[in-house]
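In what follows, a single structure is set out as structure tokens and then discussed.
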Amino acid sequence: MVERAKVKIPKRAKKKESKDEQEFPFDISPMYEGERVRKGDMFVELGGPKQTGFELIINLPARNVQDMKSTLVGDDLDGLEEGKSYPYAMIYYIAGSQLDNDIEPVVERRNHDFQNFIEGYMHLNQRYDIWVRINKDAMKKGLKSLNQIAQATMMLFKNEMPFIEKIEALYITDGDLVKKLLDEYAMPVYEERDARVETLHDEDVDEFYSCTLCQSFAPANVCVISPDRPSLCGAITWFDGRAASKVDPEGPNKAIPKGELIDPIGGEYTGIDEFARNESGGGVDKVKLHSFFDYPHTSCGCFEVIGFYMPEVDGIGFLHRGYPNPAPNGLTFSTMAGQTGGGKQIAGFLGVGISYFRSKKFIQADGGWRRVVWMPSELKERIEKYITDGVKDKIATEKEVSVIEELKDFLKAKNHPVVTGVVREVDGEKITDGWVEEKEVEEIKEEVPATQPEAKVTEMPVAPIPQISMIPQSGGIKLVIKNASIHIEKIIVKRKDEK
Amino acid sequence: MAVIAVTGKGGTGKTVISALLIDHFSTDRKVLAVDADPDSNLPEAVGIKDYSTLGEIRELFQQNRDSMGTISKEQWLEGKIYGEAVNESKHFDLIVMGKPEGEGCYCFVNNLLRSVLRKLMKNYDVVVVDCEAGLEQFSRKTVENADYILIVTDTSKKGLATAKRIIDSTEELKLNFKNIYLVGNKVNSNGEGNAIKQFAEKEGIIFLGNIPYSEKILELDFRGEPITKLLEDTELNNHFREIFKGIGGINDH
Ligand SMILES: Nc1ncnc2c1ncn2[C@@H]1O[C@H](COP(=O)(O)OP(=O)(O)O)[C@@H](O)[C@H]1O
Ligand code: SF4
Ligand SMILES: [Mg+2]
């Protein structure tokens, strides 16, 4: 953990202080959000493509923060030349009894919002990319000092985020100091935060986030985004969900309190189950975040990668969008995706985002990497470094095999865990029996397609997963409907009585 | 802020007329020009050479989103758009939509994009959108909230048929435009001009005027020079001003 401390301001530095300002020579309103200061209208540019700049929130103990004080180190606006660019750092120290270092990035991204409420002041980007332009008109209206900007911003922080009990600002335009602090003071904090993405786990947080952006075309779908399960479309992490829900709690990303942990390995929580039940209108009863077969996460069709079960080898393959050829099971991405979208739980298929392969809990309930038998080489290369030790070379790609028979030989030759039985990494439980004698497999296979009247199937002893035949190879129907919107209250499908 | 979408069949002169409109409005108002045709040629028509497109930025986002750590993706996108995709020229700004999306899920990025564009558009008095030919722009939602529609037609049957389809689909889709305007382009004779005028009257939309077939336009196009050079000719300039004056509403913004 990078130690949080105040910046030591050099003794001889040019310094200006201010405290508790209430009156400002500019308007403050959300109306100014998105205000663009064009090059021709700008008085000066701070940070941006030509100069170093950064912004940083530092969480400190209350006794170290002087509330509503701002300090400017370096030249103030009256010392800057019109039309030029200057270095710029904005550091805020915050304190509050509910605050911890994890909240820093959430608070930090609001600097952008609040500064954009200030008339005549454009704030773009974040962290070390910040880019500020001040309008000439703002100067005409009486803007004199960057301390005024700091004071107004702090006021907004305290109004809008009441959990910030104290706030103090340090703004810097002294180029050498900005550079030095960026390297030595700010960068380690940014790096630490990014490392959190990899080290933060489901059990470390109280809330997950939902996403309903795709309900326009998959009305029953709800994505659940947790630290260990980024969105299946690849776009949204738990951090994005948290930030969005803080800004707009009723928007497409809502907080889901986790509730009780029901299944630590599958990743099932009472809070998620309840949420899924409500949002899916009863269509989905339970969701296990890290399970492939048992109550898997639903898919709206946006997934970057599709996982598919191959009963012949009792293993799972993954295929990414854009890979044109069929997988060893003979099916292409789009064929399988067509079966899986629409917000349903389909046993044997699972849509995931590429970043889910980084997860420590990657389909852990069903054996994690030890259950993975095939993926295209392009995908494998991208995520290679996240594959569990000892399995990497046992996962085939299109370079080694193209059909099931070849895959079987490959897995056997490599002694892949599925051949002898997968022992789950997370708890050491042996979850598959491994391959049975060829003959027996053959027999079982024959039993399944002979699907007798439904009632009988359910009477059969609970079918082990390898026997599920996912796709009707014949006799099924396929509907392709384009550009249609269909509303159906109820569908009843009945089998004709054969007399 | 008023958004005017310039539509019509391909090749009727949407881009030429968009360029002239942009010039017309930017003498005294803040104008954002939007090239919403994937086969962008508005930049050349208004004399802008180097530009990046929203499509390129969207792709960049898709490629980089996995490595964005805890930074805000909306701010990332907004910064790129404000910093790189808003092309500032002296009197107006231009954004180019560029190529449509590729494979994969664009729900999230498009949602962010719309929110950034909504904020950006607030900065301007007038937004002129040079649309893709035909009706595509309605399904793509590039012109989410156009206030005015300007349909360009030439004298061909096809040009007028497309105009008719645009009018019909605005009704079907219940798009609430304040006004729909019609401009006739490449008009050679009074007879042709009158036919276009009558079409507008029959459809109940506002006829703004006819623009004659002009070798000068072709010549500028051929030499790759901005169409706005046309306005050096005072007579033509006056003619266009006269036509665009008819765009009520916007002229009050
Ligand atoms: N009034 C006109 N007289 C002669 N040529 C014209 C006229 N208006 C447009 N053109 C030419 O017609 C072609 C198509 O015009 P353009 O504005 O690119 O159409 P669109 O944008 O509708 O596809 C261009 O080569 C252009 O120079
Ligand atoms: S696929 Fe992505 S954008 Fe769509 S609902 Fe899920 S998380 Fe949201
Ligand atoms: Mg065009």
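Here, A, B, ... name the chains of the structure tokens in the order displayed, residue numbers run from 1 inside each chain, and ligands are numbered from 1 in the same displayed order.
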Sel. of helix (DSSP H, G or I) residues, segment 23-164 of chain B, as a ChimeraX atom specification: /B:23-25,42-45,54-67,73-85,107-121,136-140,157-164
Check every protein, DNA and RNA residue against ligand 2, keep those with an atom at most 8 Å away (counting only C-alpha atoms and all ligand atoms), and present them as an mmCIF file with C-alpha atoms, in the first residue's frame.
data_model
loop_
_atom_site.group_PDB
_atom_site.id
_atom_site.type_symbol
_atom_site.label_atom_id
_atom_site.label_comp_id
_atom_site.auth_asym_id
_atom_site.auth_seq_id
_atom_site.Cartn_x
_atom_site.Cartn_y
_atom_site.Cartn_z
ATOM 1 C CA SER A 210 -26.341 -4.731 -12.603
ATOM 2 C CA CYS A 211 -26.427 -3.607 -16.188
ATOM 3 C CA THR A 212 -29.599 -3.373 -18.213
ATOM 4 C CA LEU A 213 -28.275 -1.442 -21.197
ATOM 5 C CA CYS A 214 -29.041 -4.333 -23.524
ATOM 6 C CA GLN A 215 -32.620 -4.825 -22.458
ATOM 7 C CA ASN A 221 -31.359 -10.119 -19.650
ATOM 8 C CA VAL A 222 -29.616 -8.676 -16.636
ATOM 9 C CA CYS A 223 -25.889 -8.649 -16.404
ATOM 10 C CA VAL A 224 -24.367 -8.926 -12.971
ATOM 11 C CA ILE A 225 -20.943 -7.411 -12.670
ATOM 12 C CA SER A 231 -19.335 -7.901 -18.019
ATOM 13 C CA LEU A 232 -19.699 -10.455 -20.791
ATOM 14 C CA CYS A 233 -19.565 -7.735 -23.429
ATOM 15 C CA GLY A 234 -16.154 -6.747 -22.094
ATOM 16 C CA ALA A 235 -17.111 -3.123 -21.604
ATOM 17 C CA ILE A 236 -17.913 -2.807 -17.924
ATOM 18 C CA PRO A 252 -28.676 1.281 -16.214
ATOM 19 C CA ASN A 253 -26.125 0.259 -13.575
ATOM 20 C CA SER A 299 -26.372 -13.890 -22.007
ATOM 21 C CA CYS A 300 -27.897 -11.093 -24.047
ATOM 22 C CA GLY A 301 -25.959 -11.938 -27.179
ATOM 23 C CA CYS A 302 -23.280 -9.312 -26.651
ATOM 24 C CA PHE A 303 -20.630 -11.646 -25.294
ATOM 25 C CA CYS B 105 -21.047 -5.378 -28.717
ATOM 26 C CA TYR B 106 -21.264 -1.625 -29.116
ATOM 27 C CA CYS B 107 -24.125 -1.066 -26.673
ATOM 28 C CA PHE B 108 -21.962 0.384 -23.995
#
Contact residues (chain A, partner chain B, 6 Å, only C-alpha atoms) as an NGL selection string: :A and (34 or 124-125 or 194 or 233 or 239 or 302)
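Considering only C-alpha atoms and all ligand atoms, every residue of the polymer chains approaching ligand 3 to 10 Å or closer is listed here: Val6, Thr7, Gly8, Lys9, Gly10, Gly11, Thr12, Gly13, Lys14, Thr15, Val16, Ile17, Ser18, Asp35, Ala36, Asp37, Pro38, Asp39, Ser40, Asn41, Leu42, Ala45, Asp130, Cys131, Glu132 and Ala133 of chain B.
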Best match for closeness to ligand 1 among B:Gly159, B:Gly47, B:Gly191, B:Gly204, counting only C-alpha atoms and all ligand atoms: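 Nearest to ligand 1: B:Gly159.
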Which of segment 240-346 of chain A fall in strand (DSSP E), as a list in words: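 Of segment 240-346 of chain A, only Ala255, Ile256, Pro257, Leu261, Ile262, Asp263, Glu268, Tyr269, Val305, Ile306, Gly307, Phe308, Tyr309, Met310, Gly315, Ile316, Gly317, Phe318, Leu319 and His320 of chain A fall in strand (DSSP E).
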Take the residues from that selection and write them out as a PDB file, in the first residue's frame, keeping N, CA and C atoms.
ATOM      1  N   ALA A 255     -26.814  -0.706  -8.010  1.00  0.00           N
ATOM      2  CA  ALA A 255     -26.114  -1.497  -6.999  1.00  0.00           C
ATOM      3  C   ALA A 255     -26.987  -2.673  -6.584  1.00  0.00           C
ATOM      4  N   ILE A 256     -26.389  -3.841  -6.469  1.00  0.00           N
ATOM      5  CA  ILE A 256     -27.095  -5.012  -5.941  1.00  0.00           C
ATOM      6  C   ILE A 256     -26.390  -5.416  -4.656  1.00  0.00           C
ATOM      7  N   PRO A 257     -27.037  -5.226  -3.522  1.00  0.00           N
ATOM      8  CA  PRO A 257     -26.404  -5.701  -2.282  1.00  0.00           C
ATOM      9  C   PRO A 257     -26.261  -7.224  -2.381  1.00  0.00           C
ATOM     10  N   LEU A 261     -24.040 -15.283   1.247  1.00  0.00           N
ATOM     11  CA  LEU A 261     -23.344 -16.179   0.335  1.00  0.00           C
ATOM     12  C   LEU A 261     -23.949 -17.577   0.462  1.00  0.00           C
ATOM     13  N   ILE A 262     -24.524 -18.075  -0.638  1.00  0.00           N
ATOM     14  CA  ILE A 262     -25.143 -19.404  -0.582  1.00  0.00           C
ATOM     15  C   ILE A 262     -24.150 -20.475  -1.033  1.00  0.00           C
ATOM     16  N   ASP A 263     -23.468 -20.181  -2.133  1.00  0.00           N
ATOM     17  CA  ASP A 263     -22.551 -21.170  -2.698  1.00  0.00           C
ATOM     18  C   ASP A 263     -21.224 -20.480  -3.001  1.00  0.00           C
ATOM     19  N   GLU A 268     -22.895 -17.946  -5.629  1.00  0.00           N
ATOM     20  CA  GLU A 268     -24.317 -17.631  -5.556  1.00  0.00           C
ATOM     21  C   GLU A 268     -24.610 -16.844  -4.283  1.00  0.00           C
ATOM     22  N   TYR A 269     -25.364 -15.772  -4.423  1.00  0.00           N
ATOM     23  CA  TYR A 269     -25.691 -14.896  -3.300  1.00  0.00           C
ATOM     24  C   TYR A 269     -27.196 -14.643  -3.278  1.00  0.00           C
ATOM     25  N   VAL A 305     -16.951 -13.788 -26.093  1.00  0.00           N
ATOM     26  CA  VAL A 305     -16.493 -15.157 -26.280  1.00  0.00           C
ATOM     27  C   VAL A 305     -17.620 -16.096 -25.864  1.00  0.00           C
ATOM     28  N   ILE A 306     -17.769 -17.189 -26.582  1.00  0.00           N
ATOM     29  CA  ILE A 306     -18.766 -18.173 -26.154  1.00  0.00           C
ATOM     30  C   ILE A 306     -18.052 -19.445 -25.691  1.00  0.00           C
ATOM     31  N   GLY A 307     -18.502 -19.947 -24.554  1.00  0.00           N
ATOM     32  CA  GLY A 307     -17.991 -21.216 -24.055  1.00  0.00           C
ATOM     33  C   GLY A 307     -19.003 -22.293 -24.415  1.00  0.00           C
ATOM     34  N   PHE A 308     -18.525 -23.465 -24.828  1.00  0.00           N
ATOM     35  CA  PHE A 308     -19.458 -24.527 -25.221  1.00  0.00           C
ATOM     36  C   PHE A 308     -18.938 -25.864 -24.731  1.00  0.00           C
ATOM     37  N   TYR A 309     -19.863 -26.671 -24.266  1.00  0.00           N
ATOM     38  CA  TYR A 309     -19.517 -27.973 -23.726  1.00  0.00           C
ATOM     39  C   TYR A 309     -19.468 -28.998 -24.852  1.00  0.00           C
ATOM     40  N   MET A 310     -18.425 -29.847 -24.824  1.00  0.00           N
ATOM     41  CA  MET A 310     -18.343 -30.928 -25.805  1.00  0.00           C
ATOM     42  C   MET A 310     -18.424 -32.251 -25.059  1.00  0.00           C
ATOM     43  N   GLY A 315     -15.324 -31.788 -21.953  1.00  0.00           N
ATOM     44  CA  GLY A 315     -14.542 -30.581 -21.721  1.00  0.00           C
ATOM     45  C   GLY A 315     -15.225 -29.375 -22.355  1.00  0.00           C
ATOM     46  N   ILE A 316     -14.673 -28.210 -22.060  1.00  0.00           N
ATOM     47  CA  ILE A 316     -15.284 -26.972 -22.529  1.00  0.00           C
ATOM     48  C   ILE A 316     -14.351 -26.289 -23.523  1.00  0.00           C
ATOM     49  N   GLY A 317     -14.934 -25.794 -24.605  1.00  0.00           N
ATOM     50  CA  GLY A 317     -14.172 -25.006 -25.563  1.00  0.00           C
ATOM     51  C   GLY A 317     -14.621 -23.561 -25.520  1.00  0.00           C
ATOM     52  N   PHE A 318     -13.776 -22.659 -25.997  1.00  0.00           N
ATOM     53  CA  PHE A 318     -14.143 -21.243 -26.067  1.00  0.00           C
ATOM     54  C   PHE A 318     -13.844 -20.720 -27.461  1.00  0.00           C
ATOM     55  N   LEU A 319     -14.743 -19.874 -27.944  1.00  0.00           N
ATOM     56  CA  LEU A 319     -14.606 -19.372 -29.297  1.00  0.00           C
ATOM     57  C   LEU A 319     -14.930 -17.882 -29.277  1.00  0.00           C
ATOM     58  N   HIS A 320     -14.067 -17.043 -29.850  1.00  0.00           N
ATOM     59  CA  HIS A 320     -14.334 -15.608 -29.782  1.00  0.00           C
ATOM     60  C   HIS A 320     -15.065 -15.113 -31.030  1.00  0.00           C
TER      61      HIS A 320
END
Atomic distance atom CA of Pro219 of chain A - atom CA of Glu260 of chain A, expressed in Å with one decimal: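 Atom-to-atom, atom CA of Pro219 of chain A to atom CA of Glu260 of chain A, that is 27.0 Å.
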Contact residues around Asn176 of chain B with only C-alpha atoms at 12 Å, ignoring same-chain residues under 3 positions, as a ChimeraX atom specification: /B:144-149,167,169-173,179-180
Within 6 Å of Asn135 of chain A using only C-alpha atoms, minus same-chain residues under 2 positions, as a JSON list (two decimals) with all heavy atoms, in the first residue's frame:
[["chain", "number", "residue", "atom", "x", "y", "z"],
["A", 41, "ASP", "N", -11.03, 31.03, -28.39],
["A", 41, "ASP", "CA", -11.65, 31.72, -27.25],
["A", 41, "ASP", "C", -10.86, 31.55, -25.97],
["A", 41, "ASP", "O", -11.25, 32.05, -24.92],
["A", 41, "ASP", "CB", -13.07, 31.15, -27.00],
["A", 41, "ASP", "CG", -13.98, 31.32, -28.19],
["A", 41, "ASP", "OD1", -13.78, 32.32, -28.93],
["A", 41, "ASP", "OD2", -14.87, 30.48, -28.40],
["A", 42, "MET", "N", -9.76, 30.80, -26.04],
["A", 42, "MET", "CA", -9.15, 30.44, -24.76],
["A", 42, "MET", "C", -8.13, 31.47, -24.28],
["A", 42, "MET", "O", -7.38, 32.04, -25.07],
["A", 42, "MET", "CB", -8.52, 29.05, -24.84],
["A", 42, "MET", "CG", -7.10, 29.06, -25.29],
["A", 42, "MET", "SD", -6.48, 27.40, -25.50],
["A", 42, "MET", "CE", -4.75, 27.82, -25.75],
["A", 43, "PHE", "N", -8.14, 31.67, -22.98],
["A", 43, "PHE", "CA", -7.13, 32.54, -22.37],
["A", 43, "PHE", "C", -5.85, 31.73, -22.18],
["A", 43, "PHE", "O", -4.81, 32.05, -22.75],
["A", 43, "PHE", "CB", -7.66, 33.08, -21.04],
["A", 43, "PHE", "CG", -6.59, 33.74, -20.21],
["A", 43, "PHE", "CD1", -5.94, 34.89, -20.66],
["A", 43, "PHE", "CD2", -6.22, 33.20, -18.98],
["A", 43, "PHE", "CE1", -4.93, 35.48, -19.91],
["A", 43, "PHE", "CE2", -5.21, 33.78, -18.22],
["A", 43, "PHE", "CZ", -4.56, 34.93, -18.70],
["A", 120, "GLY", "N", -17.04, 28.87, -18.20],
["A", 120, "GLY", "CA", -15.81, 29.38, -18.79],
["A", 120, "GLY", "C", -14.58, 28.54, -18.49],
["A", 120, "GLY", "O", -13.45, 28.97, -18.75],
["A", 137, "ASP", "N", -13.53, 35.04, -21.78],
["A", 137, "ASP", "CA", -14.70, 35.69, -21.17],
["A", 137, "ASP", "C", -14.69, 35.56, -19.65],
["A", 137, "ASP", "O", -15.13, 36.47, -18.94],
["A", 137, "ASP", "CB", -16.00, 35.07, -21.70],
["A", 137, "ASP", "CG", -16.30, 35.54, -23.11],
["A", 137, "ASP", "OD1", -15.67, 36.54, -23.53],
["A", 137, "ASP", "OD2", -17.14, 34.90, -23.78],
["A", 138, "ALA", "N", -14.22, 34.42, -19.16],
["A", 138, "ALA", "CA", -14.17, 34.21, -17.71],
["A", 138, "ALA", "C", -13.26, 35.25, -17.07],
["A", 138, "ALA", "O", -13.53, 35.77, -15.99],
["A", 138, "ALA", "CB", -13.70, 32.80, -17.40]]
